[in-house]
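A.B. asks: Provided below: start-v1.txt, containing compact mmCIF, C-alpha atoms.
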```txt
# COMPACT_ATOMS: atom_id res chain seq x y z
CA MET A 1 66.85 106.56 124.31
CA THR A 2 65.20 108.29 121.40
CA ASP A 3 64.57 112.01 121.34
CA ARG A 4 60.96 112.85 120.54
CA THR A 5 60.61 116.58 120.16
CA THR A 6 57.47 118.51 119.41
CA PRO A 7 57.00 122.26 119.20
CA ASP A 8 54.55 124.15 121.38
CA ALA A 9 51.76 124.13 118.80
CA ALA A 10 48.15 123.19 119.17
CA PRO A 11 47.89 119.42 118.71
CA PRO A 12 46.11 118.29 115.56
CA GLU A 13 43.01 116.13 115.67
CA ARG A 14 43.83 112.66 116.93
CA VAL A 15 42.53 109.39 115.66
CA LEU A 16 41.64 107.32 118.67
CA PRO A 17 43.90 104.27 118.82
CA GLY A 18 42.42 100.82 119.26
CA PRO A 19 42.87 98.77 122.43
CA GLY A 20 46.54 98.13 123.16
CA ALA A 21 47.68 100.57 120.46
CA PRO A 22 49.98 103.44 121.39
CA GLU A 23 48.49 106.91 121.67
CA LEU A 24 49.27 109.03 118.64
CA PRO A 25 51.94 111.64 119.32
CA ALA A 26 51.22 115.26 118.51
CA LEU A 27 52.58 116.30 115.12
CA PRO A 28 55.20 117.24 114.15
CA VAL A 29 57.28 114.67 116.01
CA THR A 30 60.94 113.75 115.59
CA PHE A 31 62.25 110.26 116.29
CA ARG A 32 66.01 110.16 116.80
CA PRO A 33 68.39 107.80 118.61
CA ALA A 34 69.47 110.39 121.20
CA LEU A 35 71.80 108.17 123.24
CA THR A 36 73.62 106.92 120.15
CA ARG A 37 73.84 110.50 118.87
CA ALA A 38 75.25 111.75 122.17
CA VAL A 39 77.86 108.98 122.30
CA LEU A 40 78.96 109.70 118.73
CA LEU A 41 79.16 113.48 119.14
CA ILE A 42 80.86 113.42 122.53
CA GLY A 43 83.26 110.70 121.39
CA GLY A 44 84.05 112.58 118.18
CA GLY A 45 84.64 115.83 120.04
CA ALA A 46 86.88 114.10 122.58
CA LEU A 47 88.82 112.38 119.80
CA PHE A 48 89.38 115.69 118.03
CA VAL A 49 90.52 117.40 121.24
CA VAL A 50 92.87 114.55 122.19
CA LEU A 51 94.50 114.43 118.75
CA THR A 52 94.88 118.23 118.71
CA VAL A 53 96.45 118.25 122.19
CA ILE A 54 98.81 115.43 121.22
CA ALA A 55 99.81 117.37 118.10
CA LEU A 56 100.56 120.47 120.16
CA LEU A 57 102.41 118.67 122.97
CA LEU A 58 104.71 116.41 120.95
CA PRO A 59 108.07 118.23 120.90
CA SER A 60 109.69 116.34 118.03
CA VAL A 61 107.06 116.82 115.31
CA GLY A 62 107.07 119.52 112.65
CA PRO A 63 104.20 121.79 111.60
CA GLY A 64 103.09 119.45 108.79
CA GLU A 65 102.84 116.51 111.17
CA ARG A 66 100.94 118.62 113.70
CA LEU A 67 98.53 119.67 110.98
CA SER A 68 98.02 116.03 109.95
CA PHE A 69 97.08 115.13 113.54
CA VAL A 70 94.52 117.96 113.67
CA LEU A 71 93.12 117.16 110.21
CA THR A 72 92.82 113.47 111.08
CA GLY A 73 90.91 114.38 114.23
CA GLY A 74 88.69 116.72 112.20
CA MET A 75 87.94 114.04 109.59
CA LEU A 76 87.12 111.46 112.27
CA PHE A 77 84.84 113.97 114.00
CA ALA A 78 83.11 114.77 110.67
CA ALA A 79 82.53 111.04 110.04
CA LEU A 80 80.97 110.63 113.49
CA VAL A 81 78.77 113.70 112.91
CA LEU A 82 77.46 112.04 109.73
CA LEU A 83 76.75 108.84 111.67
CA SER A 84 74.78 110.88 114.24
CA ARG A 85 72.56 112.50 111.58
CA PRO A 86 69.69 109.95 111.21
CA LYS A 87 66.18 110.95 112.27
CA VAL A 88 62.57 110.44 111.23
CA VAL A 89 60.32 113.51 111.24
CA ALA A 90 56.56 112.99 110.96
CA ASP A 91 54.26 115.92 110.30
CA VAL A 92 50.72 116.47 109.08
CA THR A 93 51.61 115.91 105.41
CA GLY A 94 53.99 112.96 105.71
CA VAL A 95 57.34 111.67 106.89
CA THR A 96 60.89 112.83 106.24
CA VAL A 97 63.53 110.12 106.65
CA VAL A 98 67.05 111.47 107.16
CA ASN A 99 69.72 108.78 106.95
CA ILE A 100 73.52 109.12 107.03
CA VAL A 101 74.03 110.80 103.65
CA SER A 102 70.52 110.91 102.17
CA SER A 103 67.12 112.33 102.95
CA ARG A 104 63.73 111.38 101.52
CA ARG A 105 60.30 112.94 101.90
CA LEU A 106 57.28 110.59 101.84
CA ASP A 107 53.56 111.29 101.82
CA TRP A 108 51.57 109.25 104.33
CA ALA A 109 49.89 107.27 101.53
CA GLU A 110 53.30 106.09 100.22
CA ILE A 111 54.05 104.18 103.44
CA LEU A 112 52.29 100.83 103.64
CA HIS A 113 53.94 99.27 106.71
CA VAL A 114 56.43 100.11 109.44
CA THR A 115 58.48 97.07 110.45
CA LEU A 116 61.02 96.42 113.18
CA ARG A 117 61.58 92.70 113.52
CA SER A 118 63.73 91.05 116.15
CA GLY A 119 67.37 91.46 115.12
CA ASP A 120 66.73 94.33 112.68
CA PRO A 121 69.27 97.14 113.07
CA TRP A 122 66.60 99.81 112.39
CA VAL A 123 63.04 100.35 111.21
CA PHE A 124 62.10 99.62 107.61
CA LEU A 125 59.29 101.41 105.79
CA ASN A 126 57.55 99.28 103.15
CA LEU A 127 56.50 101.65 100.38
CA SER A 128 53.69 101.64 97.84
CA ASP A 129 56.18 101.37 94.94
CA GLY A 130 57.25 97.92 96.18
CA THR A 131 60.52 99.06 97.76
CA SER A 132 61.64 99.20 101.36
CA LEU A 133 63.32 102.25 102.89
CA PRO A 134 65.53 101.92 105.97
CA ALA A 135 64.75 104.57 108.59
CA LEU A 136 67.92 104.77 110.68
CA GLY A 137 66.33 107.32 113.01
CA ILE A 138 64.64 104.51 114.94
CA GLN A 139 67.21 101.90 115.91
CA PRO A 140 67.25 99.53 118.87
CA GLY A 141 71.04 99.48 119.32
CA LEU A 142 71.50 101.28 122.66
CA ALA A 143 67.84 101.81 123.58
CA LYS A 144 65.70 98.87 122.50
CA ARG A 145 62.62 99.76 124.55
CA ARG A 146 62.58 103.35 123.23
CA ALA A 147 62.99 102.10 119.64
CA LEU A 148 60.07 99.70 120.04
CA THR A 149 57.89 102.48 121.48
CA ASP A 150 58.85 104.83 118.65
CA ALA A 151 58.29 102.16 115.98
CA ARG A 152 54.81 101.51 117.40
CA ALA A 153 54.05 105.24 117.47
CA LEU A 154 55.19 105.67 113.85
CA ARG A 155 53.18 102.59 112.85
CA ALA A 156 50.07 104.06 114.53
CA LEU A 157 50.64 107.37 112.73
CA VAL A 158 51.00 105.58 109.39
CA ASP A 159 47.83 103.57 110.06
CA ALA A 160 45.87 106.68 111.07
CA HIS A 161 47.12 109.08 108.39
CA GLY A 162 47.54 106.55 105.60
CA ALA A 163 43.93 105.40 106.01
CA ALA A 164 42.74 109.01 106.31
CA ASP A 165 44.63 110.01 103.12
CA GLN A 166 43.08 107.15 101.14
CA GLY A 167 39.57 108.01 102.27
CA PRO A 168 36.45 106.13 101.21
CA GLY A 169 36.39 104.55 97.80
CA HIS A 170 40.18 103.96 97.49
```
Show me, as structure tokens, the structure contained in the file I just sent.
C.D. replies:
Amino acid sequence: MTDRTTPDAAPPERVLPGPGAPELPALPVTFRPALTRAVLLIGGGALFVVLTVIALLLPSVGPGERLSFVLTGGMLFAALVLLSRPKVVADVTGVTVVNIVSSRRLDWAEILHVTLRSGDPWVFLNLSDGTSLPALGIQPGLAKRRALTDARALRALVDAHGAADQGPGH
């Protein structure tokens, strides 16, 4: 399941999609693997709590060992928080791709294609500079149908806004 959030703002003008194309979502829109994120955050929190409780309940361990249990739980939780960070935010001016430890802002015209092939772990954005950027915010791992829907919606947005940014004569 992917979380698609939009604020309560007036929707921008929409480019009418062609037959069979997904309707363009109102901008700004956030694509995020919500189920994966929930599993990671809940699992990380539970892991931290369990390790902290074990540290406090073990009678034969000293304060340093207790602290190491708690710090280990904290580090594991922090790692899972980083893994839950990915998202793709599309707005009127472009797309922000937030991956595990990096973030990149792209104008609509920089994105040539949005691809999610069978077996891909996440969406890839083919860019005008000849490179490809992984967008971990749309991944079919736990919610394949939602990822496909979101990839199609992002592709439709890129087609609509990329063509509009290039305008006639480009």
A.B. asks: I want to know what sits within 12 Å of Leu56 of chain A, based on only C-alpha atoms, with residues of the same chain fewer than 6 positions away left out; could you give that as a PyMOL selection string?
C.D. replies: chain A and resi 49-50+62-70
A.B. asks: With a distance cut-off of 7 Å and only C-alpha atoms, select the neighbouring residues of Phe77 of chain A, excluding the residue or stretch itself and same-chain residues fewer than 2 positions from it, and output the selection as a VMD selection string.
C.D. replies: chain A and resid 44 to 45 48 73 to 75 79 to 81
A.B. asks: Ranking A:Ala55, A:Phe124, A:Asp159, A:Pro28 by minimum distance to Val92 of chain A and counting all atoms listed in the file, which one comes first?
C.D. replies: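 Result for the nearest residue to Val92 of chain A: A:Pro28.
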A.B. asks: Rounded to one decimal in Å, what is the spacing between atom CA of Glu110 of chain A and atom CA of Leu82 of chain A?
C.D. replies: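 Going from atom CA of Glu110 of chain A over to atom CA of Leu82 of chain A, I get 26.6 Å.
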A.B. asks: What is the distance, in Å and to one decimal place, between atom CA of Gly94 of chain A and atom CA of Leu106 of chain A?
C.D. replies: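 The value is 5.6 Å.
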A.B. asks: Have a look at atom CA of Ala46 of chain A and atom CA of Lys87 of chain A and let me know their distance in Å, one decimal.
C.D. replies: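 Separation between atom CA of Ala46 of chain A and atom CA of Lys87 of chain A: 23.3 Å.
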A.B. asks: Give the padded box for segment 122-140 of chain A as JSON: axis-aligned, covering all atoms listed in the file, 5 Å on each side, centre and edge lengths in Å to one decimal.
C.D. replies:
```
{"center_x": 60.8, "center_y": 102.6, "center_z": 106.9, "size_x": 24.2, "size_y": 19.4, "size_z": 33.9}
```
A.B. asks: Which one of A:Leu58, A:Ile111, A:Leu41, A:Leu133 sits closest to Arg155 of chain A if you count all atoms listed in the file?
C.D. replies: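 Of A:Leu58, A:Ile111, A:Leu41, A:Leu133, the one nearest Arg155 of chain A is A:Ile111, counting all atoms listed in the file.
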A.B. asks: Restricting the calculation to only C-alpha atoms: of A:His113, A:Arg146, A:Arg37, A:Arg32, which residue gets closest to Ala160 of chain A?
C.D. replies: A:His113
A.B. asks: With a distance cut-off of 9 Å and all atoms listed in the file, select the neighbouring residues of segment 151-153 of chain A, excluding the residue or stretch itself and same-chain residues fewer than 5 positions from it, and output the selection as a ChimeraX atom specification.
C.D. replies: /A:21-25,114-116,123,138-139,146,158
A.B. asks: Dump C-alpha atoms for the selected residues as a PDB file, keeping the file's coordinate frame?
C.D. replies:
```
ATOM      1  CA  ALA A  21      47.680 100.570 120.460  1.00  0.00           C
ATOM      2  CA  PRO A  22      49.980 103.440 121.390  1.00  0.00           C
ATOM      3  CA  GLU A  23      48.490 106.910 121.670  1.00  0.00           C
ATOM      4  CA  LEU A  24      49.270 109.030 118.640  1.00  0.00           C
ATOM      5  CA  PRO A  25      51.940 111.640 119.320  1.00  0.00           C
ATOM      6  CA  VAL A 114      56.430 100.110 109.440  1.00  0.00           C
ATOM      7  CA  THR A 115      58.480  97.070 110.450  1.00  0.00           C
ATOM      8  CA  LEU A 116      61.020  96.420 113.180  1.00  0.00           C
ATOM      9  CA  VAL A 123      63.040 100.350 111.210  1.00  0.00           C
ATOM     10  CA  ILE A 138      64.640 104.510 114.940  1.00  0.00           C
ATOM     11  CA  GLN A 139      67.210 101.900 115.910  1.00  0.00           C
ATOM     12  CA  ARG A 146      62.580 103.350 123.230  1.00  0.00           C
ATOM     13  CA  VAL A 158      51.000 105.580 109.390  1.00  0.00           C
TER      14      VAL A 158
END
```
A.B. asks: Taking into account only C-alpha atoms, which residue in the set A:Leu142, A:Leu154, A:Leu71, A:Leu40 is nearest to Thr52 of chain A?
C.D. replies: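 Among the listed residues, A:Leu71 lies closest to Thr52 of chain A.
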